[in-house]
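Colleague: Input structure: coords.cif, which contains mmCIF, C-alpha atoms.
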data_input
#
loop_
_atom_site.group_PDB
_atom_site.id
_atom_site.type_symbol
_atom_site.label_atom_id
_atom_site.label_comp_id
_atom_site.auth_asym_id
_atom_site.auth_seq_id
_atom_site.Cartn_x
_atom_site.Cartn_y
_atom_site.Cartn_z
ATOM 1 C CA ASN G 174 13.030 45.377 -122.524
ATOM 2 C CA GLY G 175 13.831 43.338 -125.617
ATOM 3 C CA GLY G 176 11.322 45.207 -127.767
ATOM 4 C CA ASN G 177 12.955 48.557 -127.034
ATOM 5 C CA TYR G 178 16.411 47.172 -127.826
ATOM 6 C CA ALA G 179 15.162 45.769 -131.132
ATOM 7 C CA LYS G 180 13.504 49.062 -131.998
ATOM 8 C CA GLY G 181 16.626 50.994 -131.079
ATOM 9 C CA ASN G 182 18.845 48.738 -133.189
ATOM 10 C CA PHE G 183 16.491 49.010 -136.145
ATOM 11 C CA LEU G 184 16.342 52.805 -135.986
ATOM 12 C CA ALA G 185 20.127 53.058 -135.559
ATOM 13 C CA SER G 186 20.590 50.855 -138.623
ATOM 14 C CA LEU G 187 18.137 53.054 -140.511
ATOM 15 C CA ILE G 188 20.168 56.166 -139.672
ATOM 16 C CA VAL G 189 23.407 54.508 -140.803
ATOM 17 C CA ALA G 190 21.757 53.327 -144.017
ATOM 18 C CA ALA G 191 20.458 56.835 -144.744
ATOM 19 C CA GLY G 192 23.949 58.267 -144.275
ATOM 20 C CA LYS G 193 25.567 55.597 -146.453
ATOM 21 C CA PHE G 194 23.011 56.142 -149.197
ATOM 22 C CA GLY G 195 23.661 59.881 -149.118
ATOM 23 C CA GLY G 196 27.406 59.372 -149.458
ATOM 24 C CA MET G 197 27.006 56.848 -152.263
ATOM 25 C CA LEU G 198 24.628 59.141 -154.141
ATOM 26 C CA MET G 199 27.081 62.044 -153.985
ATOM 27 C CA THR G 200 29.891 59.893 -155.418
ATOM 28 C CA CYS G 201 27.665 59.342 -158.458
ATOM 29 C CA VAL G 202 27.021 63.087 -158.734
ATOM 30 C CA MET G 203 30.740 63.883 -158.507
ATOM 31 C CA ARG G 204 31.565 61.746 -161.517
ATOM 32 C CA SER G 205 29.772 64.248 -163.759
ATOM 33 C CA TRP G 206 31.234 67.351 -162.060
ATOM 34 C CA ASN G 207 34.098 68.968 -163.963
ATOM 35 C CA PRO G 208 35.196 72.343 -162.562
ATOM 36 C CA ALA G 209 37.882 72.753 -165.231
ATOM 37 C CA GLU G 210 35.261 72.808 -167.973
ATOM 38 C CA GLU G 211 32.592 74.674 -166.005
ATOM 39 C CA GLY G 212 34.992 77.273 -164.551
ATOM 40 C CA LYS G 213 33.653 76.860 -161.012
ATOM 41 C CA SER G 214 36.957 76.001 -159.301
ATOM 42 C CA PHE G 215 36.532 74.414 -155.855
ATOM 43 C CA LEU G 216 33.722 76.709 -154.673
ATOM 44 C CA PRO G 217 31.075 73.916 -154.874
ATOM 45 C CA LEU G 218 33.073 71.928 -152.302
ATOM 46 C CA PHE G 219 32.884 74.759 -149.769
ATOM 47 C CA ILE G 220 29.176 75.184 -150.449
ATOM 48 C CA CYS G 221 28.752 71.463 -149.716
ATOM 49 C CA VAL G 222 30.631 71.860 -146.418
ATOM 50 C CA PHE G 223 28.242 74.654 -145.447
ATOM 51 C CA LEU G 224 25.104 72.710 -146.404
ATOM 52 C CA GLY G 225 26.342 69.575 -144.634
ATOM 53 C CA ALA G 226 27.016 71.562 -141.466
ATOM 54 C CA ILE G 227 23.610 73.251 -141.540
ATOM 55 C CA SER G 228 21.861 69.895 -142.016
ATOM 56 C CA THR G 229 22.976 68.827 -138.522
ATOM 57 C CA LEU G 230 20.452 71.298 -137.096
ATOM 58 C CA LEU G 231 17.745 68.783 -137.975
ATOM 59 C CA VAL G 232 18.878 66.651 -135.014
ATOM 60 C CA PRO G 233 17.957 69.073 -132.185
ATOM 61 C CA PHE G 234 14.733 69.853 -134.053
ATOM 62 C CA ALA G 235 14.027 66.109 -134.084
ATOM 63 C CA LEU G 236 14.541 65.835 -130.324
ATOM 64 C CA LYS G 237 12.137 68.698 -129.707
ATOM 65 C CA THR G 238 9.563 67.087 -132.013
ATOM 66 C CA SER G 239 9.881 63.674 -130.320
ATOM 67 C CA GLN G 240 8.903 65.175 -126.978
ATOM 68 C CA GLU G 241 5.465 65.975 -128.379
ATOM 69 C CA GLY G 242 4.660 62.250 -128.666
ATOM 70 C CA GLY G 243 2.369 60.523 -131.136
ATOM 71 C CA GLU G 244 3.059 61.499 -134.719
ATOM 72 C CA GLY G 245 5.818 63.778 -133.440
ATOM 73 C CA GLU G 246 7.954 60.726 -132.643
ATOM 74 C CA ILE G 247 7.666 59.432 -136.212
ATOM 75 C CA LEU G 248 8.496 62.875 -137.588
ATOM 76 C CA SER G 249 11.514 63.062 -135.299
ATOM 77 C CA TRP G 250 13.009 59.895 -136.797
ATOM 78 C CA VAL G 251 12.317 61.207 -140.296
ATOM 79 C CA LEU G 252 14.232 64.361 -139.376
ATOM 80 C CA VAL G 253 17.161 62.402 -137.926
ATOM 81 C CA CYS G 254 17.415 60.145 -140.984
ATOM 82 C CA SER G 255 17.113 63.175 -143.257
ATOM 83 C CA GLY G 256 19.881 64.890 -141.314
ATOM 84 C CA ALA G 257 22.138 61.845 -141.658
ATOM 85 C CA PHE G 258 21.390 61.579 -145.374
ATOM 86 C CA LEU G 259 22.033 65.269 -146.052
ATOM 87 C CA PHE G 260 25.147 65.433 -143.879
ATOM 88 C CA PHE G 261 26.860 62.521 -145.618
ATOM 89 C CA PHE G 262 25.544 63.588 -149.025
ATOM 90 C CA PHE G 263 27.115 67.028 -148.731
ATOM 91 C CA SER G 264 30.219 65.885 -146.816
ATOM 92 C CA THR G 265 31.348 63.275 -149.328
ATOM 93 C CA ALA G 266 32.223 65.781 -152.064
ATOM 94 C CA PRO G 267 34.564 67.867 -149.865
ATOM 95 C CA LYS G 268 36.104 64.705 -148.434
ATOM 96 C CA VAL G 269 37.042 63.397 -151.867
ATOM 97 C CA GLY G 270 37.753 66.772 -153.446
ATOM 98 C CA PHE G 271 40.042 68.163 -150.754
ATOM 99 C CA ALA G 272 41.886 64.857 -150.396
ATOM 100 C CA THR G 273 42.531 64.934 -154.134
ATOM 101 C CA LEU G 274 43.690 68.551 -153.958
ATOM 102 C CA MET G 275 46.117 67.776 -151.126
ATOM 103 C CA GLN G 276 47.508 64.758 -152.956
ATOM 104 C CA SER G 277 48.109 66.753 -156.117
ATOM 105 C CA LEU G 278 49.747 69.659 -154.293
ATOM 106 C CA ALA G 279 51.943 67.337 -152.254
ATOM 107 C CA VAL G 280 53.133 65.397 -155.294
ATOM 108 C CA LYS G 281 53.990 68.602 -157.127
ATOM 109 C CA SER G 282 55.639 70.415 -154.213
ATOM 110 C CA THR G 283 57.970 67.725 -152.889
ATOM 111 C CA GLN G 284 59.795 64.590 -153.920
ATOM 112 C CA ASN G 285 58.683 62.814 -150.758
ATOM 113 C CA PRO G 286 54.903 63.383 -150.464
ATOM 114 C CA ALA G 287 54.586 60.565 -147.906
ATOM 115 C CA VAL G 288 56.115 62.904 -145.304
ATOM 116 C CA ILE G 289 53.395 65.489 -145.925
ATOM 117 C CA PHE G 290 50.628 62.867 -145.824
ATOM 118 C CA GLY G 291 51.964 61.521 -142.523
ATOM 119 C CA SER G 292 52.109 64.996 -140.972
ATOM 120 C CA ILE G 293 48.608 65.871 -142.145
ATOM 121 C CA ALA G 294 47.228 62.562 -140.833
ATOM 122 C CA ALA G 295 48.739 63.214 -137.393
ATOM 123 C CA PHE G 296 47.416 66.788 -137.363
ATOM 124 C CA VAL G 297 43.900 65.761 -138.408
ATOM 125 C CA THR G 298 43.806 62.961 -135.825
ATOM 126 C CA THR G 299 44.836 65.405 -133.088
ATOM 127 C CA ILE G 300 42.215 67.974 -134.086
ATOM 128 C CA ASP G 301 39.521 65.275 -134.270
ATOM 129 C CA SER G 302 40.395 64.124 -130.753
ATOM 130 C CA ILE G 303 40.199 67.676 -129.392
ATOM 131 C CA ILE G 304 36.822 68.232 -131.062
ATOM 132 C CA LEU G 305 35.401 64.952 -129.713
ATOM 133 C CA MET G 306 36.648 65.767 -126.208
ATOM 134 C CA SER G 307 35.040 69.212 -126.452
ATOM 135 C CA PHE G 308 31.688 67.750 -127.484
ATOM 136 C CA SER G 309 31.906 65.151 -124.699
ATOM 137 C CA PHE G 310 32.530 67.977 -122.236
ATOM 138 C CA ILE G 311 29.468 69.858 -123.531
ATOM 139 C CA PHE G 312 27.202 66.796 -123.226
ATOM 140 C CA SER G 313 28.523 66.021 -119.730
ATOM 141 C CA PHE G 314 27.495 69.346 -118.202
ATOM 142 C CA LEU G 315 24.381 70.339 -120.154
ATOM 143 C CA SER G 316 20.997 68.845 -120.880
ATOM 144 C CA LEU G 317 20.676 66.801 -124.059
ATOM 145 C CA GLN G 318 18.609 69.495 -125.784
ATOM 146 C CA SER G 319 21.050 72.290 -124.939
ATOM 147 C CA ALA G 320 24.097 70.172 -125.793
ATOM 148 C CA LEU G 321 22.672 69.293 -129.197
ATOM 149 C CA TRP G 322 21.890 72.919 -130.037
ATOM 150 C CA ILE G 323 25.339 74.125 -128.972
ATOM 151 C CA SER G 324 27.169 71.297 -130.779
ATOM 152 C CA CYS G 325 25.202 71.792 -133.986
ATOM 153 C CA ALA G 326 25.692 75.549 -133.735
ATOM 154 C CA ILE G 327 29.467 75.022 -133.548
ATOM 155 C CA ILE G 328 29.345 72.754 -136.598
ATOM 156 C CA GLY G 329 27.149 75.302 -138.381
ATOM 157 C CA LEU G 330 29.594 78.126 -137.632
ATOM 158 C CA HIS G 331 32.375 75.977 -139.027
ATOM 159 C CA GLY G 332 30.350 75.593 -142.223
ATOM 160 C CA VAL G 333 29.863 79.358 -142.464
ATOM 161 C CA LEU G 334 33.593 79.929 -141.914
ATOM 162 C CA GLU G 335 34.476 77.413 -144.632
ATOM 163 C CA LEU G 336 32.082 79.076 -147.066
ATOM 164 C CA LEU G 337 33.358 82.608 -146.416
ATOM 165 C CA VAL G 338 37.098 81.987 -146.059
ATOM 166 C CA GLY G 339 37.780 78.675 -147.805
ATOM 167 C CA PRO G 340 37.509 79.782 -151.449
ATOM 168 C CA TRP G 341 40.065 82.528 -150.829
ATOM 169 C CA LEU G 342 42.570 80.067 -149.367
ATOM 170 C CA VAL G 343 42.426 77.648 -152.282
ATOM 171 C CA LYS G 344 43.562 79.242 -155.503
ATOM 172 C CA VAL G 345 44.192 76.664 -158.217
ATOM 173 C CA PRO G 346 45.232 77.647 -161.769
ATOM 174 C CA LYS G 347 42.510 76.727 -164.254
ATOM 175 C CA GLU G 348 44.890 74.634 -166.324
ATOM 176 C CA GLU G 349 45.477 72.338 -163.323
ATOM 177 C CA GLU G 350 41.822 71.851 -162.379
ATOM 178 C CA LEU G 351 41.191 69.243 -165.075
ATOM 179 C CA GLN G 352 43.978 67.078 -163.678
ATOM 180 C CA TYR G 353 42.553 67.434 -160.166
ATOM 181 C CA GLN G 354 39.091 66.492 -161.389
ATOM 182 C CA GLN G 355 40.388 63.355 -163.070
ATOM 183 C CA LEU G 356 41.955 62.332 -159.777
ATOM 184 C CA ALA G 357 38.743 63.240 -157.938
ATOM 185 C CA ASN G 358 36.677 61.044 -160.254
ATOM 186 C CA SER G 359 38.994 58.137 -159.558
ATOM 187 C CA ALA G 360 38.836 58.766 -155.802
ATOM 188 C CA ALA G 361 35.044 59.060 -155.946
ATOM 189 C CA GLN G 362 34.820 55.631 -157.557
ATOM 190 C CA GLU G 363 36.933 54.139 -154.777
ATOM 191 C CA ASP G 364 34.872 55.912 -152.134
ATOM 192 C CA GLY G 365 31.691 54.631 -153.746
ATOM 193 C CA LYS G 366 32.950 51.080 -153.454
ATOM 194 C CA GLU G 367 33.683 51.623 -149.739
ATOM 195 C CA SER G 368 30.248 53.162 -149.128
ATOM 196 C CA ALA G 369 28.554 50.215 -150.825
#
How does this structure look as structure tokens?
Modeller:
Amino acid sequence: NGGNYAKGNFLASLIVAAGKFGGMLMTCVMRSWNPAEEGKSFLPLFICVFLGAISTLLVPFALKTSQEGGEGEILSWVLVCSGAFLFFFFSTAPKVGFATLMQSLAVKSTQNPAVIFGSIAAFVTTIDSIILMSFSFIFSFLSLQSALWISCAIIGLHGVLELLVGPWLVKVPKEEELQYQQLANSAAQEDGKESA
């Protein structure tokens, strides 16, 4: 009925708002992060990927809690909103940081960086499509509870892989990190404007 639709729209808007707030908050945090001065390289970005991936596990927990009824339903929405907040909070830093890293490497390695950006965009779009099709396949043949656990487990494993392997794949000389951070700060400001 109309009441259920209104409730659904309100809760969906609440989830989106929680995610947006998380992303906007991280852009503010990134402005004070300077790996060149702190000697931390890009390791914090991979840690953020891991934490963002693990935060998705709150969603299947929320579904299980909602089935208990009563106060469990309220707790389930708190868990979902918390998951959205944490996911976007921890995902914003890698999004901005790795984009900045790729831009800097492309500009330094070729005279026509637009070619690299175009190739990467096509590759990322293809991978995203494959991932979405895979998740759709999982949800089509399994129960909602099982599909959520499997999907979140896949995302969690990706976070673990990023944390274990990622730092070894990205080796940036310390003298270049300050330049990357300056670009990251600028990108974070732009991303903050979009999130707002």
Colleague: So, counting all atoms listed in the file, which residue among G:Cys254, G:Ile311, G:Ala226, G:Ile323 is closest to G:Lys193?
Modeller: G:Cys254
Colleague: In Å, how far is it from atom CA of G:Arg204 to atom CA of G:Phe262?
Modeller: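 Taking atom CA of G:Arg204 and atom CA of G:Phe262, their separation equals 14.0 Å.
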Colleague: To one decimal place in Å, what is the distance between atom CA of G:Cys325 and atom CA of G:Pro233?
Modeller: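 Pair atom CA of G:Cys325 / atom CA of G:Pro233 returns 7.9 Å.
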Colleague: Within 7 Å of (26.7, 63.2, -146.9) (coordinates as in the file), grab all the protein and nucleic acid residues, counting all atoms listed in the file, and write them out as a VMD selection string.
Modeller: chain G and resid 192 195 to 196 225 258 to 265
Colleague: Check which residues satisfy the PyMOL selection byres ((chain G and resi 329-342) around 9) in the file shown, then give them as a list in words.
Modeller: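 Going through the file, the PyMOL selection byres ((chain G and resi 329-342) around 9) ends up selecting Ser214, Phe215, Leu216, Leu218, Phe219, Ile220, Cys221, Val222, Phe223, Leu224, Gly225, Ala226, Ile227, Ser228, Thr229, Leu230, Ser324, Cys325, Ala326, Ile327, Ile328, Val343 and Lys344 of chain G.
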Colleague: Keeping only C-alpha atoms, write the selected residues to a file as a PDB file, in the coordinates of the input.
Modeller:
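selection.pdb was written with the following content:
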ATOM      1  CA  SER G 214      36.957  76.001-159.301  1.00  0.00           C
ATOM      2  CA  PHE G 215      36.532  74.414-155.855  1.00  0.00           C
ATOM      3  CA  LEU G 216      33.722  76.709-154.673  1.00  0.00           C
ATOM      4  CA  LEU G 218      33.073  71.928-152.302  1.00  0.00           C
ATOM      5  CA  PHE G 219      32.884  74.759-149.769  1.00  0.00           C
ATOM      6  CA  ILE G 220      29.176  75.184-150.449  1.00  0.00           C
ATOM      7  CA  CYS G 221      28.752  71.463-149.716  1.00  0.00           C
ATOM      8  CA  VAL G 222      30.631  71.860-146.418  1.00  0.00           C
ATOM      9  CA  PHE G 223      28.242  74.654-145.447  1.00  0.00           C
ATOM     10  CA  LEU G 224      25.104  72.710-146.404  1.00  0.00           C
ATOM     11  CA  GLY G 225      26.342  69.575-144.634  1.00  0.00           C
ATOM     12  CA  ALA G 226      27.016  71.562-141.466  1.00  0.00           C
ATOM     13  CA  ILE G 227      23.610  73.251-141.540  1.00  0.00           C
ATOM     14  CA  SER G 228      21.861  69.895-142.016  1.00  0.00           C
ATOM     15  CA  THR G 229      22.976  68.827-138.522  1.00  0.00           C
ATOM     16  CA  LEU G 230      20.452  71.298-137.096  1.00  0.00           C
ATOM     17  CA  SER G 324      27.169  71.297-130.779  1.00  0.00           C
ATOM     18  CA  CYS G 325      25.202  71.792-133.986  1.00  0.00           C
ATOM     19  CA  ALA G 326      25.692  75.549-133.735  1.00  0.00           C
ATOM     20  CA  ILE G 327      29.467  75.022-133.548  1.00  0.00           C
ATOM     21  CA  ILE G 328      29.345  72.754-136.598  1.00  0.00           C
ATOM     22  CA  VAL G 343      42.426  77.648-152.282  1.00  0.00           C
ATOM     23  CA  LYS G 344      43.562  79.242-155.503  1.00  0.00           C
TER      24      LYS G 344
END
Colleague: Which residue out of G:Ala320, G:Leu187, G:Ala295, G:Ser239 has the minimum interatomic distance to G:Ser307 when only C-alpha atoms are used?
Modeller: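 Using only C-alpha atoms, the shortest distance to G:Ser307 belongs to G:Ala320.
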Colleague: Can you spell out as a ChimeraX atom specification the set of residues that the PyMOL selection byres ((chain G and resi 188) around 10) selects in the structure I just provided?
Modeller: /G:182-187,189-194,250-251,253-258
Colleague: Would you mind reading off the distance between atom CA of G:Leu231 and atom CA of G:Gly245, one decimal, in Å?
Modeller: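 Interatomic distance, atom CA of G:Leu231 to atom CA of G:Gly245: 13.7 Å.
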